[in-house]
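Q: query.cif (mmCIF, C-alpha atoms) pasted underneath:
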data_start
loop_
_atom_site.label_atom_id
_atom_site.label_comp_id
_atom_site.auth_asym_id
_atom_site.auth_seq_id
_atom_site.Cartn_x
_atom_site.Cartn_y
_atom_site.Cartn_z
CA MET A 1086 0.00 0.00 0.00
CA ASP A 1087 1.28 3.48 -0.89
CA LYS A 1088 2.20 5.71 2.00
CA LYS A 1089 1.61 9.43 2.39
CA ILE A 1090 2.85 12.11 4.75
CA PHE A 1091 0.41 12.02 7.65
CA GLY A 1092 0.89 15.25 9.60
CA GLU A 1093 2.72 18.40 8.59
CA ILE A 1094 3.89 21.53 10.34
CA PRO A 1095 1.67 24.40 9.09
CA LEU A 1096 4.54 26.31 7.45
CA LYS A 1097 5.87 25.05 4.11
CA SER A 1098 9.09 27.01 4.58
CA TRP A 1099 10.02 24.67 7.46
CA ARG A 1100 10.14 21.52 5.36
CA TRP A 1101 13.93 21.71 5.17
CA LEU A 1102 14.00 20.70 8.86
CA GLY A 1103 13.03 17.16 7.90
CA VAL A 1104 10.05 17.04 10.24
CA ASN A 1105 7.44 16.11 7.63
CA GLU A 1106 9.08 12.99 6.25
CA ILE A 1107 7.54 10.16 8.31
CA LYS A 1108 4.79 8.54 6.29
CA SER A 1109 1.80 6.46 7.32
CA SER A 1110 -0.48 4.08 5.47
CA GLU A 1111 -3.76 5.30 3.98
CA SER A 1112 -5.67 3.34 6.61
CA VAL A 1113 -6.29 6.16 9.09
CA GLU A 1114 -8.65 6.05 12.05
CA GLU A 1115 -10.55 9.36 12.03
CA LYS A 1116 -12.68 10.75 14.85
CA ASN A 1117 -14.50 14.07 15.20
CA PHE A 1118 -16.01 15.47 18.40
CA GLU A 1119 -17.88 18.63 19.35
CA ILE A 1120 -18.13 19.89 22.92
CA SER A 1121 -21.14 22.13 23.50
CA ASP A 1122 -21.10 25.41 25.42
CA GLY A 1123 -20.38 24.96 29.12
CA GLU A 1124 -19.62 21.25 28.92
CA THR A 1125 -16.50 19.39 30.12
CA GLN A 1126 -15.34 16.24 28.37
CA LYS A 1127 -12.36 13.97 28.91
CA PHE A 1128 -10.77 11.83 26.21
CA SER A 1129 -8.19 9.05 26.52
CA GLU A 1130 -6.39 7.71 23.44
CA ILE A 1131 -4.27 4.69 24.35
CA ASN A 1132 -2.08 2.68 21.99
CA LEU A 1133 -0.79 -0.70 23.15
CA SER A 1134 -1.13 -2.36 19.75
CA ALA A 1135 1.51 -4.54 18.14
CA GLY A 1136 0.59 -3.25 14.68
CA ASN A 1137 1.05 0.06 12.88
CA ILE A 1138 -1.51 2.69 13.87
CA ALA A 1139 -2.46 6.08 12.39
CA ARG A 1140 -5.06 8.26 14.12
CA LYS A 1141 -6.53 11.64 13.25
CA ILE A 1142 -8.71 13.36 15.86
CA LYS A 1143 -10.48 16.72 15.68
CA ILE A 1144 -12.24 18.35 18.62
CA SER A 1145 -14.27 21.57 18.53
CA VAL A 1146 -14.83 23.28 21.90
CA GLY A 1147 -17.66 25.73 22.56
CA LYS A 1148 -18.05 28.76 24.79
CA GLY A 1149 -17.02 28.16 28.41
CA ALA A 1150 -16.39 24.48 27.60
CA LYS A 1151 -13.36 22.43 28.57
CA VAL A 1152 -11.59 19.45 27.04
CA GLU A 1153 -9.12 17.19 28.81
CA PHE A 1154 -7.14 15.01 26.42
CA ILE A 1155 -4.80 12.21 27.54
CA SER A 1156 -2.67 10.19 25.14
CA ALA A 1157 -0.40 7.23 25.93
CA ASP A 1158 1.57 5.45 23.20
CA LEU A 1159 3.36 2.27 24.25
CA GLY A 1160 2.67 0.18 21.18
CA LEU A 1161 5.12 -2.01 19.30
CA GLY A 1162 4.46 -0.86 15.73
CA ASP A 1163 4.86 2.50 14.05
CA TYR A 1164 2.49 5.15 15.39
CA SER A 1165 1.17 8.38 13.88
CA ALA A 1166 -1.16 10.73 15.75
CA ASP A 1167 -2.67 13.94 14.42
CA VAL A 1168 -4.76 15.75 17.06
CA GLU A 1169 -6.35 19.14 16.39
CA ILE A 1170 -8.30 21.01 19.06
CA ASP A 1171 -10.19 24.18 18.16
CA LEU A 1172 -11.12 26.44 21.08
CA ARG A 1173 -13.90 28.25 19.22
CA GLY A 1174 -15.83 29.74 22.12
CA ASP A 1175 -14.81 32.48 24.54
CA ASP A 1176 -13.47 31.24 27.90
CA SER A 1177 -12.95 27.72 26.55
CA SER A 1178 -9.92 25.64 27.57
CA ALA A 1179 -7.84 22.61 26.62
CA ASP A 1180 -5.65 20.48 28.87
CA PHE A 1181 -3.53 18.16 26.72
CA ASP A 1182 -1.23 15.53 28.27
CA ALA A 1183 0.67 12.83 26.38
CA VAL A 1184 3.36 10.22 26.96
CA TYR A 1185 5.18 7.97 24.50
CA PHE A 1186 7.86 5.29 24.53
CA GLY A 1187 9.92 4.37 21.50
CA ASN A 1188 12.20 1.36 21.27
CA GLY A 1189 13.44 -1.08 18.64
CA GLU A 1190 13.07 0.56 15.24
CA ARG A 1191 9.70 2.19 15.89
CA LYS A 1192 8.79 5.33 13.95
CA LEU A 1193 6.67 7.83 15.88
CA ASP A 1194 5.02 10.88 14.34
CA PHE A 1195 3.07 13.32 16.51
CA ASN A 1196 1.30 16.40 15.20
CA TYR A 1197 -0.58 18.20 17.98
CA VAL A 1198 -2.34 21.52 17.32
CA ILE A 1199 -4.43 23.72 19.60
CA ARG A 1200 -6.07 26.67 17.82
CA GLN A 1201 -7.41 29.46 20.00
CA HIS A 1202 -10.22 31.38 18.33
CA GLY A 1203 -12.26 32.80 21.21
CA GLN A 1204 -11.35 35.44 23.74
CA LYS A 1205 -9.75 34.46 27.05
CA THR A 1206 -9.14 30.86 26.03
CA SER A 1207 -6.57 28.71 27.82
CA ALA A 1208 -4.38 25.97 26.33
CA LYS A 1209 -1.90 23.69 28.07
CA MET A 1210 0.09 21.05 26.20
CA ARG A 1211 2.46 18.77 28.14
CA VAL A 1212 4.23 15.90 26.38
CA ARG A 1213 6.72 13.47 27.95
CA GLY A 1214 8.58 10.69 26.18
CA ALA A 1215 11.49 8.28 26.27
CA LEU A 1216 13.46 6.86 23.34
CA LYS A 1217 15.86 3.94 23.14
CA ASP A 1218 17.52 1.59 20.62
CA LYS A 1219 17.00 2.88 17.04
CA SER A 1220 13.60 4.49 17.48
CA ASP A 1221 12.83 7.55 15.35
CA LYS A 1222 10.46 10.27 16.58
CA ILE A 1223 9.07 13.53 15.28
CA PHE A 1224 7.04 15.86 17.50
CA ARG A 1225 5.31 18.93 16.12
CA GLY A 1226 3.36 20.88 18.71
CA THR A 1227 1.55 24.06 17.70
CA LEU A 1228 -0.22 26.73 19.72
CA ASP A 1229 -2.10 28.90 17.21
CA PHE A 1230 -3.55 32.18 18.49
CA GLN A 1231 -6.11 33.17 15.87
CA ARG A 1232 -7.30 36.74 15.27
CA GLY A 1233 -9.93 37.57 17.89
CA SER A 1234 -8.34 35.50 20.67
CA LYS A 1235 -7.61 38.51 22.88
CA GLY A 1236 -6.70 37.72 26.48
CA SER A 1237 -5.85 34.10 25.71
CA THR A 1238 -2.98 32.12 27.26
CA GLY A 1239 -1.06 29.08 26.10
CA LYS A 1240 1.76 26.91 27.42
CA GLU A 1241 3.53 24.06 25.65
CA LEU A 1242 6.28 21.77 26.95
CA GLU A 1243 7.87 18.57 25.67
CA GLU A 1244 10.38 16.61 27.75
CA VAL A 1245 12.38 13.85 26.05
CA ILE A 1246 14.58 11.28 27.78
CA ILE A 1247 17.21 9.70 25.50
CA LEU A 1248 18.14 6.19 26.65
CA SER A 1249 20.33 5.07 23.72
CA SER A 1250 22.81 6.68 21.36
CA GLY A 1251 21.14 5.20 18.26
CA THR A 1252 17.84 7.07 18.60
CA ARG A 1253 16.73 9.93 16.37
CA ASN A 1254 14.67 12.74 17.88
CA ARG A 1255 13.20 15.81 16.21
CA SER A 1256 11.12 18.23 18.29
CA VAL A 1257 9.49 21.33 16.84
CA PRO A 1258 7.46 23.46 19.26
CA LEU A 1259 5.69 26.20 17.31
CA MET A 1260 3.68 29.23 18.38
CA LEU A 1261 1.69 31.31 15.90
CA ALA A 1262 -0.01 34.58 16.80
CA ALA A 1263 -2.37 36.67 14.69
CA GLU A 1264 -3.47 38.60 17.81
CA ASP A 1265 -1.30 40.90 19.92
CA ASP A 1266 -3.03 40.60 23.31
CA VAL A 1267 -2.05 37.00 24.07
CA ASP A 1268 0.40 35.25 26.40
CA GLY A 1269 2.14 32.17 25.00
CA HIS A 1270 5.11 30.06 26.10
CA HIS A 1271 6.76 26.99 24.58
CA ALA A 1272 9.82 24.92 25.42
CA VAL A 1273 11.53 21.58 24.82
CA SER A 1274 13.86 19.68 27.14
CA ILE A 1275 15.94 16.89 25.58
CA GLY A 1276 18.67 14.92 27.30
CA ARG A 1277 20.01 11.76 28.77
CA LEU A 1278 19.18 10.60 32.26
CA ASP A 1279 20.59 12.72 35.06
CA GLU A 1280 23.76 10.96 36.21
CA GLU A 1281 23.45 12.49 39.68
CA LYS A 1282 19.97 11.00 40.09
CA ILE A 1283 21.22 7.62 38.91
CA PHE A 1284 24.17 7.78 41.30
CA TYR A 1285 21.85 8.70 44.19
CA LEU A 1286 19.48 5.80 43.47
CA MET A 1287 22.37 3.36 43.07
CA SER A 1288 23.73 4.52 46.42
CA ARG A 1289 20.39 3.41 47.87
CA GLY A 1290 20.83 -0.14 46.60
CA LEU A 1291 19.37 -0.06 43.07
CA ASP A 1292 21.40 -1.12 40.04
CA LYS A 1293 21.71 1.16 37.01
CA ALA A 1294 18.89 -0.46 35.02
CA GLU A 1295 16.51 -0.24 37.98
CA SER A 1296 17.49 3.39 38.54
CA GLU A 1297 16.82 4.32 34.91
CA LYS A 1298 13.45 2.55 35.00
CA LEU A 1299 12.43 4.42 38.15
CA ILE A 1300 13.32 7.81 36.64
CA VAL A 1301 11.35 7.16 33.44
CA GLU A 1302 8.34 5.92 35.38
CA ALA A 1303 8.45 9.04 37.57
CA ALA A 1304 8.38 11.22 34.44
CA PHE A 1305 5.34 9.36 33.06
CA ASN A 1306 3.33 9.09 36.28
CA PRO A 1307 1.82 12.63 36.32
CA VAL A 1308 0.09 11.81 33.02
CA LEU A 1309 -0.77 8.18 33.74
CA ASP A 1310 -2.33 9.17 37.07
CA LYS A 1311 -4.96 11.11 35.12
CA ILE A 1312 -6.31 7.93 33.50
CA SER A 1313 -9.44 7.14 35.49
CA ASP A 1314 -9.71 3.48 34.42
CA GLU A 1315 -7.63 1.74 37.10
CA LYS A 1316 -7.20 -1.53 35.16
CA LEU A 1317 -6.14 0.30 32.02
CA ARG A 1318 -3.70 2.46 33.99
CA GLU A 1319 -2.17 -0.65 35.57
CA GLU A 1320 -1.86 -2.32 32.16
CA ILE A 1321 -0.03 0.72 30.77
CA ILE A 1322 2.36 0.83 33.73
CA ASN A 1323 3.09 -2.90 33.44
CA THR A 1324 3.71 -2.50 29.70
CA LEU A 1325 6.12 0.38 30.32
CA GLN A 1326 8.02 -1.64 32.92
CA ARG A 1327 8.40 -4.61 30.55
CA ARG A 1328 9.60 -2.40 27.72
CA LEU A 1329 12.18 -0.70 29.93
CA GLU A 1330 13.59 -4.09 30.94
CA ARG A 1331 14.32 -5.17 27.36
#
Take the structure from the file and write it as structure tokens.
A:
Amino acid sequence: MDKKIFGEIPLKSWRWLGVNEIKSSESVEEKNFEISDGETQKFSEINLSAGNIARKIKISVGKGAKVEFISADLGLGDYSADVEIDLRGDDSSADFDAVYFGNGERKLDFNYVIRQHGQKTSAKMRVRGALKDKSDKIFRGTLDFQRGSKGSTGKELEEVIILSSGTRNRSVPLMLAAEDDVDGHHAVSIGRLDEEKIFYLMSRGLDKAESEKLIVEAAFNPVLDKISDEKLREEIINTLQRRLER
């Protein structure tokens, strides 16, 4: 089956960065949701599949409404996720939390976009991940302040833990603003495990592998704790532990 580029950064001039090159099959799972004025909805998108997965999700949020979105990718195959949230109503908000784990030769492609249309909207995007072996990951995270979004705020952060020298990581946090009265922040933290933390844990009786596993789990827990399904949360944690031991 022919493959096509799945998610792209919304600026053609940035193609030279090589962040639009991961391709996914034409078999894409598409979902569309609309949150009415004043409502609050929570979504959880979990991938534990052994096969290749491509998902495209669009969410429209009304006036005074709130969306909480949680994503956890610990599958074995290639994974592509395109999530677009439109804060169309005034005083609407989006809380977006995601974790991912790449190992083997997995290819991961994340395109997350929050567009802020209404006045006094609030967007928070927090993404945490760990990469090992020869995994290849692209993250594109966009906060897009549209014209008319006066008084809106947005924060975006991705934290990446590199566990092996053979990984490939590309992170592109992007903030667009067509309105002047907005407050936006974005940042990326990429690095290997803190040697001081590892030394401290090893001084308490853990070996290096156990220390690394504990640090990665601690980074993921703030997101996993938000998954209300206890059995599903336990399954994700057990999957992460097994993958870290390989």
Q: Could you tell me which of A:Ser1220, A:Arg1277, A:Arg1232, A:Gly1160 comes closest to Glu1244 in chain A if we count only C-alpha atoms?
A: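 Closest to Glu1244 in chain A, using only C-alpha atoms: A:Arg1277.
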Q: I need the residue nearest His1271 in chain A from this list: A:Asp1218, A:Glu1243, A:Glu1295, A:Glu1119. Use all atoms listed in the file for the distance.
A: A:Glu1243
Q: Please identify all polymer residues within 6 Å of Ala1215 in chain A, counting only C-alpha atoms, omitting same-chain residues fewer than 6 positions from it, and present them as a PDB file with C-alpha atoms, in the coordinates of the input.
A:
ATOM      1  CA  PHE A1186       7.860   5.290  24.530  1.00  0.00           C
ATOM      2  CA  VAL A1245      12.380  13.850  26.050  1.00  0.00           C
ATOM      3  CA  ILE A1246      14.580  11.280  27.780  1.00  0.00           C
ATOM      4  CA  ILE A1247      17.210   9.700  25.500  1.00  0.00           C
TER       5      ILE A1247
END
Q: Could you check the closest approach to Ile1144 in chain A for each of A:Leu1172, A:Leu1161, A:Val1212, A:Val1184 and tell me which residue wins, using only C-alpha atoms?
A: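 Using only C-alpha atoms, Ile1144 in chain A sits closest to A:Leu1172.
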Q: Near Ile1321 in chain A, within 9 Å and counting only C-alpha atoms, which residues show up once chain neighbours fewer than 3 positions away are dropped, as a PyMOL selection string?
A: chain A and resi 1131+1133+1157+1159+1309+1316-1318+1324-1326
